[in-house]
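K.L.:
This one is coords-v6.cif, mmCIF, C-alpha atoms.
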data_coords
loop_
_atom_site.label_atom_id
_atom_site.label_comp_id
_atom_site.auth_asym_id
_atom_site.auth_seq_id
_atom_site.Cartn_x
_atom_site.Cartn_y
_atom_site.Cartn_z
CA MET A 747 -38.44 60.84 96.25
CA THR A 748 -35.20 60.42 98.23
CA HIS A 749 -33.48 58.33 95.58
CA LYS A 750 -31.96 59.62 92.38
CA THR A 751 -34.35 59.01 89.51
CA VAL A 752 -33.73 57.51 86.08
CA LEU A 753 -36.34 57.38 83.32
CA ILE A 754 -35.84 54.59 80.78
CA THR A 755 -37.82 54.34 77.53
CA GLY A 756 -38.32 50.96 75.90
CA ALA A 757 -37.67 49.27 79.24
CA SER A 758 -38.87 45.84 78.11
CA GLY A 759 -36.24 45.48 75.38
CA GLY A 760 -32.90 43.71 75.81
CA PHE A 761 -30.97 46.82 76.74
CA GLY A 762 -33.95 48.39 78.52
CA LYS A 763 -34.41 45.46 80.87
CA ALA A 764 -30.68 45.41 81.63
CA PHE A 765 -30.66 49.16 82.30
CA THR A 766 -33.64 48.81 84.64
CA LYS A 767 -32.07 46.04 86.68
CA ARG A 768 -28.67 47.72 86.97
CA PHE A 769 -30.06 51.08 88.09
CA LEU A 770 -32.26 49.35 90.66
CA GLN A 771 -29.15 47.58 91.92
CA GLU A 772 -27.50 51.00 92.27
CA GLY A 773 -30.35 52.26 94.45
CA TYR A 774 -32.08 54.46 91.88
CA GLN A 775 -35.77 55.17 91.64
CA VAL A 776 -36.55 53.79 88.17
CA ILE A 777 -39.37 54.96 85.93
CA ALA A 778 -39.74 52.38 83.18
CA THR A 779 -41.79 53.17 80.09
CA VAL A 780 -43.50 50.40 78.13
CA ARG A 781 -45.92 50.51 75.20
CA ASN A 782 -48.55 48.25 76.79
CA GLU A 783 -49.39 46.51 80.04
CA ASP A 784 -48.26 43.11 78.75
CA LYS A 785 -44.66 44.35 78.59
CA LYS A 786 -44.48 44.90 82.36
CA SER A 787 -43.95 41.23 83.16
CA ILE A 788 -40.76 41.21 81.07
CA VAL A 789 -39.27 44.01 83.18
CA LEU A 790 -40.42 42.54 86.52
CA ASP A 791 -38.77 39.17 85.99
CA GLY A 792 -35.97 38.51 88.48
CA LEU A 793 -36.39 41.64 90.60
CA SER A 794 -36.30 41.54 94.40
CA GLU A 795 -39.12 42.82 96.62
CA GLU A 796 -36.97 45.79 97.67
CA GLN A 797 -36.22 46.68 94.06
CA LEU A 798 -39.88 46.51 93.11
CA LYS A 799 -40.61 49.28 95.63
CA ARG A 800 -38.38 51.64 93.65
CA LEU A 801 -39.80 50.73 90.23
CA SER A 802 -42.74 52.45 88.60
CA PHE A 803 -44.22 52.08 85.12
CA VAL A 804 -45.52 54.59 82.62
CA LEU A 805 -47.33 53.59 79.44
CA LEU A 806 -45.67 55.42 76.58
CA ASP A 807 -45.64 55.04 72.82
CA VAL A 808 -42.94 57.43 71.61
CA THR A 809 -44.59 57.61 68.17
CA ASP A 810 -48.04 58.64 69.44
CA GLU A 811 -48.69 62.32 70.14
CA GLN A 812 -51.55 61.63 72.54
CA SER A 813 -49.36 59.23 74.49
CA ILE A 814 -46.72 61.97 74.71
CA VAL A 815 -49.36 64.39 76.07
CA GLN A 816 -50.27 61.90 78.80
CA PHE A 817 -46.56 61.44 79.50
CA GLN A 818 -46.20 65.20 79.98
CA VAL A 819 -49.08 65.13 82.47
CA PHE A 820 -47.22 62.42 84.40
CA LEU A 821 -44.00 64.46 84.39
CA ARG A 822 -45.74 67.38 86.14
CA LYS A 823 -46.06 65.14 89.19
CA ILE A 824 -42.33 64.28 89.28
CA ASN A 825 -39.92 66.18 91.52
CA ARG A 826 -36.75 65.29 89.65
CA ILE A 827 -35.25 63.25 86.86
CA ASP A 828 -31.50 62.82 87.12
CA ILE A 829 -31.05 60.58 84.08
CA LEU A 830 -33.08 60.13 80.90
CA ILE A 831 -32.17 57.09 78.82
CA ASN A 832 -33.67 57.22 75.33
CA ASN A 833 -33.58 53.51 74.57
CA ALA A 834 -36.85 52.83 72.71
CA GLY A 835 -36.07 51.75 69.17
CA PHE A 836 -36.04 48.97 66.61
CA ALA A 837 -34.52 48.15 63.22
CA VAL A 838 -36.10 48.16 59.79
CA ALA A 839 -34.14 45.69 57.68
CA GLY A 840 -34.22 45.31 53.93
CA PHE A 841 -32.58 46.52 50.76
CA THR A 842 -33.09 50.15 49.84
CA GLU A 843 -34.62 49.56 46.42
CA GLU A 844 -37.20 47.21 47.94
CA LEU A 845 -38.21 49.45 50.86
CA THR A 846 -40.96 52.04 50.79
CA ILE A 847 -40.81 55.63 51.98
CA SER A 848 -43.45 54.67 54.56
CA GLU A 849 -41.07 52.11 56.01
CA TYR A 850 -38.33 54.74 56.28
CA LYS A 851 -40.78 57.10 58.00
CA MET A 852 -41.80 54.35 60.40
CA GLN A 853 -38.13 53.82 61.30
CA PHE A 854 -37.47 57.51 61.91
CA ASP A 855 -40.69 58.01 63.85
CA THR A 856 -39.40 55.77 66.64
CA ASN A 857 -35.62 55.98 66.50
CA PHE A 858 -35.31 59.70 65.82
CA PHE A 859 -38.51 61.68 66.29
CA GLY A 860 -39.44 59.52 69.29
CA VAL A 861 -36.21 60.58 71.01
CA ILE A 862 -36.98 64.23 70.29
CA ARG A 863 -40.54 63.95 71.64
CA VAL A 864 -39.44 62.39 74.92
CA THR A 865 -36.43 64.67 75.35
CA ASN A 866 -38.50 67.81 74.76
CA ALA A 867 -40.97 66.61 77.37
CA VAL A 868 -38.23 66.05 79.98
CA LEU A 869 -36.01 69.08 79.27
CA PRO A 870 -38.17 71.67 81.11
CA LEU A 871 -37.86 69.66 84.33
CA MET A 872 -34.11 69.21 83.92
CA ARG A 873 -33.63 72.90 83.17
CA SER A 874 -35.63 73.94 86.22
CA GLN A 875 -33.67 71.64 88.52
CA GLY A 876 -30.38 72.76 86.97
CA PHE A 877 -28.92 69.34 86.22
CA GLY A 878 -29.46 66.12 84.31
CA ARG A 879 -27.93 63.64 81.92
CA ILE A 880 -29.60 62.55 78.69
CA ILE A 881 -28.20 59.27 77.43
CA ASN A 882 -29.20 58.40 73.88
CA ILE A 883 -28.71 54.79 72.80
CA SER A 884 -27.26 54.98 69.33
CA SER A 885 -25.34 52.22 67.54
CA ILE A 886 -22.21 51.51 65.56
CA SER A 887 -24.68 51.89 62.70
CA GLY A 888 -24.76 55.58 63.56
CA LEU A 889 -21.11 55.73 62.48
CA ILE A 890 -20.86 52.98 59.86
CA GLY A 891 -23.45 52.21 57.20
CA PHE A 892 -24.24 48.56 56.57
CA PRO A 893 -26.14 47.01 53.63
CA ALA A 894 -29.74 45.97 54.29
CA LEU A 895 -29.91 48.40 57.21
CA SER A 896 -30.16 51.77 55.50
CA PRO A 897 -33.29 52.89 57.42
CA TYR A 898 -31.74 51.95 60.75
CA ALA A 899 -28.31 53.37 59.92
CA SER A 900 -29.88 56.59 58.64
CA SER A 901 -31.96 57.02 61.80
CA LYS A 902 -28.91 56.46 64.01
CA HIS A 903 -26.77 58.84 61.93
CA ALA A 904 -29.52 61.43 62.44
CA LEU A 905 -29.53 60.71 66.18
CA GLU A 906 -25.78 61.34 66.29
CA GLY A 907 -26.11 64.78 64.70
CA TYR A 908 -29.11 65.70 66.84
CA SER A 909 -27.32 64.70 70.05
CA GLU A 910 -24.19 66.64 69.16
CA SER A 911 -26.24 69.80 68.55
CA LEU A 912 -28.41 69.28 71.63
CA ARG A 913 -25.37 68.86 73.87
CA LEU A 914 -24.11 72.31 72.88
CA GLU A 915 -27.55 73.85 73.41
CA VAL A 916 -28.21 72.58 76.95
CA LYS A 917 -24.70 72.54 78.44
CA SER A 918 -25.20 75.92 80.14
CA PHE A 919 -28.23 74.51 82.02
CA GLY A 920 -26.11 71.85 83.70
CA ILE A 921 -27.39 69.13 81.36
CA ASP A 922 -25.09 66.66 79.59
CA VAL A 923 -26.02 64.73 76.45
CA ILE A 924 -24.28 61.42 75.85
CA LEU A 925 -24.29 58.92 72.98
CA ILE A 926 -23.82 55.19 73.57
CA GLU A 927 -22.72 53.35 70.42
CA PRO A 928 -22.96 49.57 70.91
CA GLY A 929 -21.88 46.95 68.43
CA SER A 930 -23.68 43.60 68.19
CA PHE A 931 -25.28 42.50 71.45
CA GLN A 932 -27.32 39.32 71.09
CA THR A 933 -29.46 40.74 68.32
CA ASN A 934 -30.00 39.71 64.72
CA ILE A 935 -31.44 42.07 62.14
CA TRP A 936 -33.51 39.23 60.67
CA SER A 937 -34.88 38.01 64.01
CA SER A 938 -37.98 38.87 66.03
CA GLY A 939 -38.19 42.44 67.22
CA THR A 940 -36.99 43.66 63.85
CA TYR A 941 -39.20 44.77 60.99
CA LEU A 942 -38.03 42.86 57.91
CA SER A 943 -39.08 44.00 54.45
CA LYS A 944 -41.41 41.46 52.84
CA LYS A 945 -39.26 41.50 49.72
CA ALA A 946 -36.01 40.72 51.52
CA GLY A 947 -34.89 37.20 50.66
CA HIS A 948 -37.65 36.72 48.07
CA PRO A 949 -36.58 34.20 45.39
CA ASN A 950 -37.07 36.83 42.67
CA SER A 951 -35.18 39.57 44.49
CA PRO A 952 -32.00 40.80 42.76
CA TYR A 953 -30.50 40.94 46.26
CA LYS A 954 -31.31 37.32 47.12
CA SER A 955 -27.66 36.21 47.01
CA LEU A 956 -26.49 39.07 49.24
CA PHE A 957 -29.35 38.43 51.65
CA SER A 958 -28.45 34.74 51.94
CA SER A 959 -24.74 35.35 52.51
CA MET A 960 -25.43 38.07 55.09
CA ASN A 961 -27.96 35.93 56.90
CA GLU A 962 -25.59 32.97 57.07
CA ARG A 963 -22.78 35.15 58.39
CA MET A 964 -24.93 36.77 61.06
CA LEU A 965 -26.36 33.47 62.24
CA ALA A 966 -22.83 32.06 62.51
CA GLU A 967 -21.63 35.07 64.53
CA SER A 968 -24.69 35.41 66.77
CA GLN A 969 -23.16 33.21 69.49
CA ARG A 970 -20.37 35.75 69.89
CA TYR A 971 -22.68 38.74 70.38
CA GLY A 972 -22.14 40.56 73.66
CA ASP A 973 -24.16 40.55 76.87
CA PRO A 974 -26.48 43.61 77.16
CA PHE A 975 -25.32 44.03 80.76
CA LEU A 976 -21.93 45.17 79.43
CA VAL A 977 -23.71 48.18 77.96
CA ALA A 978 -25.80 48.59 81.12
CA ASN A 979 -22.64 48.67 83.24
CA LEU A 980 -21.18 51.38 81.01
CA VAL A 981 -24.36 53.47 81.20
CA VAL A 982 -24.48 53.18 85.00
CA SER A 983 -20.83 54.22 85.28
CA ILE A 984 -21.51 57.32 83.15
CA ALA A 985 -24.65 58.16 85.13
CA THR A 986 -22.95 57.87 88.51
CA SER A 987 -19.63 59.51 87.65
CA ASN A 988 -18.79 62.90 89.14
CA LYS A 989 -16.74 63.73 86.06
CA THR A 990 -18.21 65.51 83.05
CA PRO A 991 -19.02 62.74 80.57
CA SER A 992 -17.76 62.67 77.01
CA LEU A 993 -20.18 62.93 74.11
CA ARG A 994 -19.56 59.47 72.66
CA TYR A 995 -18.90 56.04 74.16
CA THR A 996 -18.41 52.99 71.95
CA VAL A 997 -18.87 49.53 73.40
CA GLY A 998 -18.68 46.01 72.03
CA LYS A 999 -16.22 43.54 70.58
CA GLY A 1000 -14.33 44.93 67.61
CA VAL A 1001 -16.21 48.25 67.54
CA LYS A 1002 -13.26 50.53 68.25
CA LEU A 1003 -11.06 48.65 65.78
CA SER A 1004 -13.72 48.87 63.04
CA LEU A 1005 -14.11 52.62 63.56
CA PHE A 1006 -10.35 53.15 63.60
CA VAL A 1007 -9.89 51.19 60.37
CA LYS A 1008 -12.77 52.98 58.63
CA HIS A 1009 -11.37 56.40 59.47
CA LEU A 1010 -7.80 55.37 58.62
CA LEU A 1011 -8.37 53.72 55.24
CA PRO A 1012 -9.45 55.37 51.99
CA TRP A 1013 -13.08 54.56 51.16
CA LYS A 1014 -12.20 52.28 48.21
CA ILE A 1015 -10.14 49.99 50.43
CA TRP A 1016 -12.75 50.02 53.23
CA GLU A 1017 -15.47 49.19 50.70
CA ARG A 1018 -13.47 46.29 49.31
CA LEU A 1019 -12.93 44.85 52.79
CA VAL A 1020 -16.61 45.08 53.74
CA LEU A 1021 -17.85 43.52 50.50
CA ARG A 1022 -15.32 40.73 50.72
CA GLN A 1023 -16.54 39.84 54.19
CA LEU A 1024 -20.19 39.98 53.16
CA ASN A 1025 -20.24 38.01 49.94
CA GLY A 1026 -16.72 37.35 48.72
CA LYS A 1027 -17.11 39.83 45.86
CA GLY A 1028 -14.95 42.61 47.27
CA LYS A 1029 -12.42 42.37 44.43
CA ARG A 1030 -14.76 43.91 41.87
#
As structure tokens, please, write out the structure in this file.
P.N.:
Amino acid sequence: MTHKTVLITGASGGFGKAFTKRFLQEGYQVIATVRNEDKKSIVLDGLSEEQLKRLSFVLLDVTDEQSIVQFQVFLRKINRIDILINNAGFAVAGFTEELTISEYKMQFDTNFFGVIRVTNAVLPLMRSQGFGRIINISSISGLIGFPALSPYASSKHALEGYSESLRLEVKSFGIDVILIEPGSFQTNIWSSGTYLSKKAGHPNSPYKSLFSSMNERMLAESQRYGDPFLVANLVVSIATSNKTPSLRYTVGKGVKLSLFVKHLLPWKIWERLVLRQLNGKGKR
């Protein structure tokens, strides 16, 4: 392959589709992974004939060991991978008391262990070629915990620690590890594409009031969520830069301010502010 190559997991998702299109626009050879054949049409929408020539698909379920084995077989046929974007992921939403351990395991199996499986499969190739950039799509939830998202926030916090350690391990091989930490980008934790606990919002739930106030707030703010292509543009700029990338990049409206305030304020004041915004009970 004469073009630089990027491998994108979860290519049919909002970010994944944006990443695919932007890297094709930059002239990359794009390997897009999807969980099933039906997802291909989502990725293909809006692409030019020339771009389609540089796009290839691989079926991959990051939670399935046999699928990973087949993925490793595919990788043996590849000459190079310049960029790996670990994007496959989803959110488990619900209140901690009402969630099961199985639901937490399901969350980690994709968002955390899935990243490790794919990265371990790609690392031998990157080490042998002596270069590469691994871009892990984290979240502001990897830095700030939010109610009703403890499985998701926990998985992203774990991804942050894993990426920091991995970066130090592979630096000497010419490989950089980067974390992208987006805020809210046209997603809603209660909407489709998110696993919502069956007990969340139940009339008998002790968290019914909090659920309702959070849901109303998120629906009201959803129109202000950012365009996924803002994140895609950032990722492309990191991938194509000749400079050594930093470990962390935050992106999204209000993200940097939120992180600054959280680190600046004592926890009691931060807690009061968050609760006040969520349900007006922050003065307790």
K.L.:
Any idea what the distance is between CA of Gln853 in chain A and CA of Val838 in chain A?
P.N.:
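So the answer is 6.2 Å.
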K.L.:
Once the PyMOL selection byres ((chain A and resi 984-994) around 9) has been applied to the shown file, what residues remain in the selection, as a short mmCIF file (atom, residue, chain, number, x, y, z; two decimals) with C-alpha atoms, in the coordinates of the input?
P.N.:
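Result file result_4.cif:
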data_model
loop_
_atom_site.label_atom_id
_atom_site.label_comp_id
_atom_site.auth_asym_id
_atom_site.auth_seq_id
_atom_site.Cartn_x
_atom_site.Cartn_y
_atom_site.Cartn_z
CA ASP A 828 -31.50 62.82 87.12
CA ILE A 829 -31.05 60.58 84.08
CA ARG A 879 -27.93 63.64 81.92
CA ILE A 881 -28.20 59.27 77.43
CA SER A 909 -27.32 64.70 70.05
CA GLU A 910 -24.19 66.64 69.16
CA ARG A 913 -25.37 68.86 73.87
CA ASP A 922 -25.09 66.66 79.59
CA VAL A 923 -26.02 64.73 76.45
CA ILE A 924 -24.28 61.42 75.85
CA LEU A 925 -24.29 58.92 72.98
CA ILE A 926 -23.82 55.19 73.57
CA GLU A 927 -22.72 53.35 70.42
CA ASN A 979 -22.64 48.67 83.24
CA LEU A 980 -21.18 51.38 81.01
CA VAL A 981 -24.36 53.47 81.20
CA VAL A 982 -24.48 53.18 85.00
CA SER A 983 -20.83 54.22 85.28
CA TYR A 995 -18.90 56.04 74.16
CA THR A 996 -18.41 52.99 71.95
#
K.L.:
Name every residue that the PyMOL selection byres ((chain A and resi 893-902) around 7) selects in this structure, writing the answer as a PyMOL selection string with chains first and numbers rising.
P.N.:
chain A and resi 837-842+850+853-854+857-858+884-885+887-888+891-892+903-906
K.L.:
Can you turn the PyMOL selection byres ((chain A and resi 767) around 9) into a concrete residue list for this file, as a list in words?
P.N.:
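Going through the file, the PyMOL selection byres ((chain A and resi 767) around 9) ends up selecting Gly762, Lys763, Ala764, Phe765, Thr766, Arg768, Phe769, Leu770, Gln771, Glu772, Val789, Gly792, Leu793, Gln797 and Ala978 of chain A.
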K.L.:
Using only C-alpha atoms, which protein or nucleic acid residues come within 10 Å of Asn961 in chain A? Drop anything in the same chain fewer than 2 positions from it, and give the result as a tab-separated table (two decimals) with C-alpha atoms, in the coordinates of the input.
P.N.:
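Saved result, out-v3.tsv, follows:
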chain	number	residue	atom	x	y	z
A	934	ASN	CA	-30.00	39.71	64.72
A	935	ILE	CA	-31.44	42.07	62.14
A	936	TRP	CA	-33.51	39.23	60.67
A	947	GLY	CA	-34.89	37.20	50.66
A	955	SER	CA	-27.66	36.21	47.01
A	956	LEU	CA	-26.49	39.07	49.24
A	957	PHE	CA	-29.35	38.43	51.65
A	958	SER	CA	-28.45	34.74	51.94
A	959	SER	CA	-24.74	35.35	52.51
A	963	ARG	CA	-22.78	35.15	58.39
A	964	MET	CA	-24.93	36.77	61.06
A	965	LEU	CA	-26.36	33.47	62.24
A	966	ALA	CA	-22.83	32.06	62.51
A	967	GLU	CA	-21.63	35.07	64.53
A	1024	LEU	CA	-20.19	39.98	53.16
K.L.:
Given all atoms listed in the file as the basis, pick out the residue of A:Gly760, A:Lys799, A:Arg873, A:Ser787 nearest to Asp973 in chain A.
P.N.:
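Using all atoms listed in the file, Asp973 in chain A sits closest to A:Gly760.
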K.L.:
So how far away is CA of Val864 in chain A from CA of Thr846 in chain A, in Å?
P.N.:
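Here the two named atoms are 26.3 Å from each other.
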K.L.:
Would you mind listing what lies within 8 Å of Val776 in chain A as a compact mmCIF listing (two decimals) with C-alpha atoms, in the coordinates of the input, with all atoms listed in the file counted and same-chain residues fewer than 5 positions away left out?
P.N.:
# COMPACT_ATOMS: atom_id res chain seq x y z
CA THR A 751 -34.35 59.01 89.51
CA VAL A 752 -33.73 57.51 86.08
CA LEU A 753 -36.34 57.38 83.32
CA ILE A 754 -35.84 54.59 80.78
CA THR A 766 -33.64 48.81 84.64
CA PHE A 769 -30.06 51.08 88.09
CA LEU A 770 -32.26 49.35 90.66
CA ARG A 800 -38.38 51.64 93.65
CA LEU A 801 -39.80 50.73 90.23
CA SER A 802 -42.74 52.45 88.60
K.L.:
Just the number, please: distance in Å from CA of Pro974 in chain A to CA of Phe761 in chain A, one decimal.
P.N.:
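Distance between the two atoms: 5.5 Å.
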K.L.:
Using the file's own x, y and z axes, what box holds all listed atoms of range 908-925 of chain A with 4 Å on each side, keeping edges along x, y and z, and what are its centre and edge lengths in Å to one decimal, as JSON?
P.N.:
{"center_x": -26.6, "center_y": 67.4, "center_z": 75.3, "size_x": 13.0, "size_y": 25.0, "size_z": 24.9}
K.L.:
Set the distance at 10 Å and use all atoms listed in the file: which residues neighbour Ile862 in chain A once local chain neighbours fewer than 5 positions away are removed? I'd like the list as a PDB file with C-alpha atoms, keeping the file's coordinate frame.
P.N.:
ATOM      1  CA  VAL A 808     -42.940  57.430  71.610  1.00  0.00           C
ATOM      2  CA  ASN A 832     -33.670  57.220  75.330  1.00  0.00           C
ATOM      3  CA  ASP A 855     -40.690  58.010  63.850  1.00  0.00           C
ATOM      4  CA  THR A 856     -39.400  55.770  66.640  1.00  0.00           C
ATOM      5  CA  ASN A 857     -35.620  55.980  66.500  1.00  0.00           C
ATOM      6  CA  ALA A 867     -40.970  66.610  77.370  1.00  0.00           C
ATOM      7  CA  VAL A 868     -38.230  66.050  79.980  1.00  0.00           C
ATOM      8  CA  LEU A 905     -29.530  60.710  66.180  1.00  0.00           C
ATOM      9  CA  TYR A 908     -29.110  65.700  66.840  1.00  0.00           C
ATOM     10  CA  SER A 909     -27.320  64.700  70.050  1.00  0.00           C
TER      11      SER A 909
END
K.L.:
Identify which of the residues A:Gly972, A:Ser943, A:Val916, A:Val819 lies closest to Ser848 in chain A, counting only C-alpha atoms when measuring atom-to-atom distances.
P.N.:
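Looking only at the distances to Ser848 in chain A, the closest residue turns out to be A:Ser943.
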K.L.:
How would range 831-855 of chain A look with N, CA and C atoms restored, written as a PDB file, in the coordinates of the input?
P.N.:
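Once everything was written out, this is selection.pdb:
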ATOM      1  N   ILE A 831     -32.789  58.006  79.776  1.00  0.00           N
ATOM      2  CA  ILE A 831     -32.170  57.090  78.820  1.00  0.00           C
ATOM      3  C   ILE A 831     -33.156  56.854  77.679  1.00  0.00           C
ATOM      4  N   ASN A 832     -32.847  57.419  76.523  1.00  0.00           N
ATOM      5  CA  ASN A 832     -33.670  57.220  75.330  1.00  0.00           C
ATOM      6  C   ASN A 832     -33.240  55.915  74.663  1.00  0.00           C
ATOM      7  N   ASN A 833     -33.948  54.849  75.024  1.00  0.00           N
ATOM      8  CA  ASN A 833     -33.580  53.510  74.570  1.00  0.00           C
ATOM      9  C   ASN A 833     -34.578  52.917  73.586  1.00  0.00           C
ATOM     10  N   ALA A 834     -35.821  53.411  73.575  1.00  0.00           N
ATOM     11  CA  ALA A 834     -36.850  52.830  72.710  1.00  0.00           C
ATOM     12  C   ALA A 834     -36.404  52.901  71.247  1.00  0.00           C
ATOM     13  N   GLY A 835     -36.468  51.781  70.571  1.00  0.00           N
ATOM     14  CA  GLY A 835     -36.070  51.750  69.170  1.00  0.00           C
ATOM     15  C   GLY A 835     -36.168  50.354  68.598  1.00  0.00           C
ATOM     16  N   PHE A 836     -36.035  50.264  67.293  1.00  0.00           N
ATOM     17  CA  PHE A 836     -36.040  48.970  66.610  1.00  0.00           C
ATOM     18  C   PHE A 836     -35.328  49.152  65.276  1.00  0.00           C
ATOM     19  N   ALA A 837     -35.211  48.084  64.506  1.00  0.00           N
ATOM     20  CA  ALA A 837     -34.520  48.150  63.220  1.00  0.00           C
ATOM     21  C   ALA A 837     -35.446  47.750  62.092  1.00  0.00           C
ATOM     22  N   VAL A 838     -35.458  48.543  61.056  1.00  0.00           N
ATOM     23  CA  VAL A 838     -36.100  48.160  59.790  1.00  0.00           C
ATOM     24  C   VAL A 838     -35.000  47.599  58.906  1.00  0.00           C
ATOM     25  N   ALA A 839     -35.154  46.366  58.484  1.00  0.00           N
ATOM     26  CA  ALA A 839     -34.140  45.690  57.680  1.00  0.00           C
ATOM     27  C   ALA A 839     -34.684  45.403  56.279  1.00  0.00           C
ATOM     28  N   GLY A 840     -33.841  45.561  55.308  1.00  0.00           N
ATOM     29  CA  GLY A 840     -34.220  45.310  53.930  1.00  0.00           C
ATOM     30  C   GLY A 840     -33.330  46.108  53.004  1.00  0.00           C
ATOM     31  N   PHE A 841     -33.433  45.847  51.737  1.00  0.00           N
ATOM     32  CA  PHE A 841     -32.580  46.520  50.760  1.00  0.00           C
ATOM     33  C   PHE A 841     -33.295  47.765  50.227  1.00  0.00           C
ATOM     34  N   THR A 842     -32.537  48.823  50.092  1.00  0.00           N
ATOM     35  CA  THR A 842     -33.090  50.150  49.840  1.00  0.00           C
ATOM     36  C   THR A 842     -34.088  50.181  48.695  1.00  0.00           C
ATOM     37  N   GLU A 843     -33.745  49.555  47.595  1.00  0.00           N
ATOM     38  CA  GLU A 843     -34.620  49.560  46.420  1.00  0.00           C
ATOM     39  C   GLU A 843     -35.966  48.907  46.711  1.00  0.00           C
ATOM     40  N   GLU A 844     -35.992  47.979  47.651  1.00  0.00           N
ATOM     41  CA  GLU A 844     -37.200  47.210  47.940  1.00  0.00           C
ATOM     42  C   GLU A 844     -38.003  47.769  49.109  1.00  0.00           C
ATOM     43  N   LEU A 845     -37.508  48.828  49.739  1.00  0.00           N
ATOM     44  CA  LEU A 845     -38.210  49.450  50.860  1.00  0.00           C
ATOM     45  C   LEU A 845     -39.038  50.632  50.388  1.00  0.00           C
ATOM     46  N   THR A 846     -40.095  50.908  51.122  1.00  0.00           N
ATOM     47  CA  THR A 846     -40.960  52.040  50.790  1.00  0.00           C
ATOM     48  C   THR A 846     -40.593  53.247  51.648  1.00  0.00           C
ATOM     49  N   ILE A 847     -41.010  54.420  51.191  1.00  0.00           N
ATOM     50  CA  ILE A 847     -40.810  55.630  51.980  1.00  0.00           C
ATOM     51  C   ILE A 847     -41.545  55.515  53.314  1.00  0.00           C
ATOM     52  N   SER A 848     -42.692  54.859  53.314  1.00  0.00           N
ATOM     53  CA  SER A 848     -43.450  54.670  54.560  1.00  0.00           C
ATOM     54  C   SER A 848     -42.645  53.876  55.573  1.00  0.00           C
ATOM     55  N   GLU A 849     -41.889  52.911  55.097  1.00  0.00           N
ATOM     56  CA  GLU A 849     -41.070  52.110  56.010  1.00  0.00           C
ATOM     57  C   GLU A 849     -39.914  52.942  56.581  1.00  0.00           C
ATOM     58  N   TYR A 850     -39.358  53.823  55.771  1.00  0.00           N
ATOM     59  CA  TYR A 850     -38.330  54.740  56.280  1.00  0.00           C
ATOM     60  C   TYR A 850     -38.931  55.681  57.320  1.00  0.00           C
ATOM     61  N   LYS A 851     -40.120  56.198  57.050  1.00  0.00           N
ATOM     62  CA  LYS A 851     -40.780  57.100  58.000  1.00  0.00           C
ATOM     63  C   LYS A 851     -41.085  56.386  59.307  1.00  0.00           C
ATOM     64  N   MET A 852     -41.518  55.138  59.210  1.00  0.00           N
ATOM     65  CA  MET A 852     -41.800  54.350  60.400  1.00  0.00           C
ATOM     66  C   MET A 852     -40.542  54.196  61.251  1.00  0.00           C
ATOM     67  N   GLN A 853     -39.392  53.964  60.583  1.00  0.00           N
ATOM     68  CA  GLN A 853     -38.130  53.820  61.300  1.00  0.00           C
ATOM     69  C   GLN A 853     -37.757  55.112  62.029  1.00  0.00           C
ATOM     70  N   PHE A 854     -37.855  56.232  61.319  1.00  0.00           N
ATOM     71  CA  PHE A 854     -37.470  57.510  61.910  1.00  0.00           C
ATOM     72  C   PHE A 854     -38.443  57.951  62.995  1.00  0.00           C
ATOM     73  N   ASP A 855     -39.695  57.574  62.875  1.00  0.00           N
ATOM     74  CA  ASP A 855     -40.690  58.010  63.850  1.00  0.00           C
ATOM     75  C   ASP A 855     -40.365  57.506  65.244  1.00  0.00           C
TER      76      ASP A 855
END
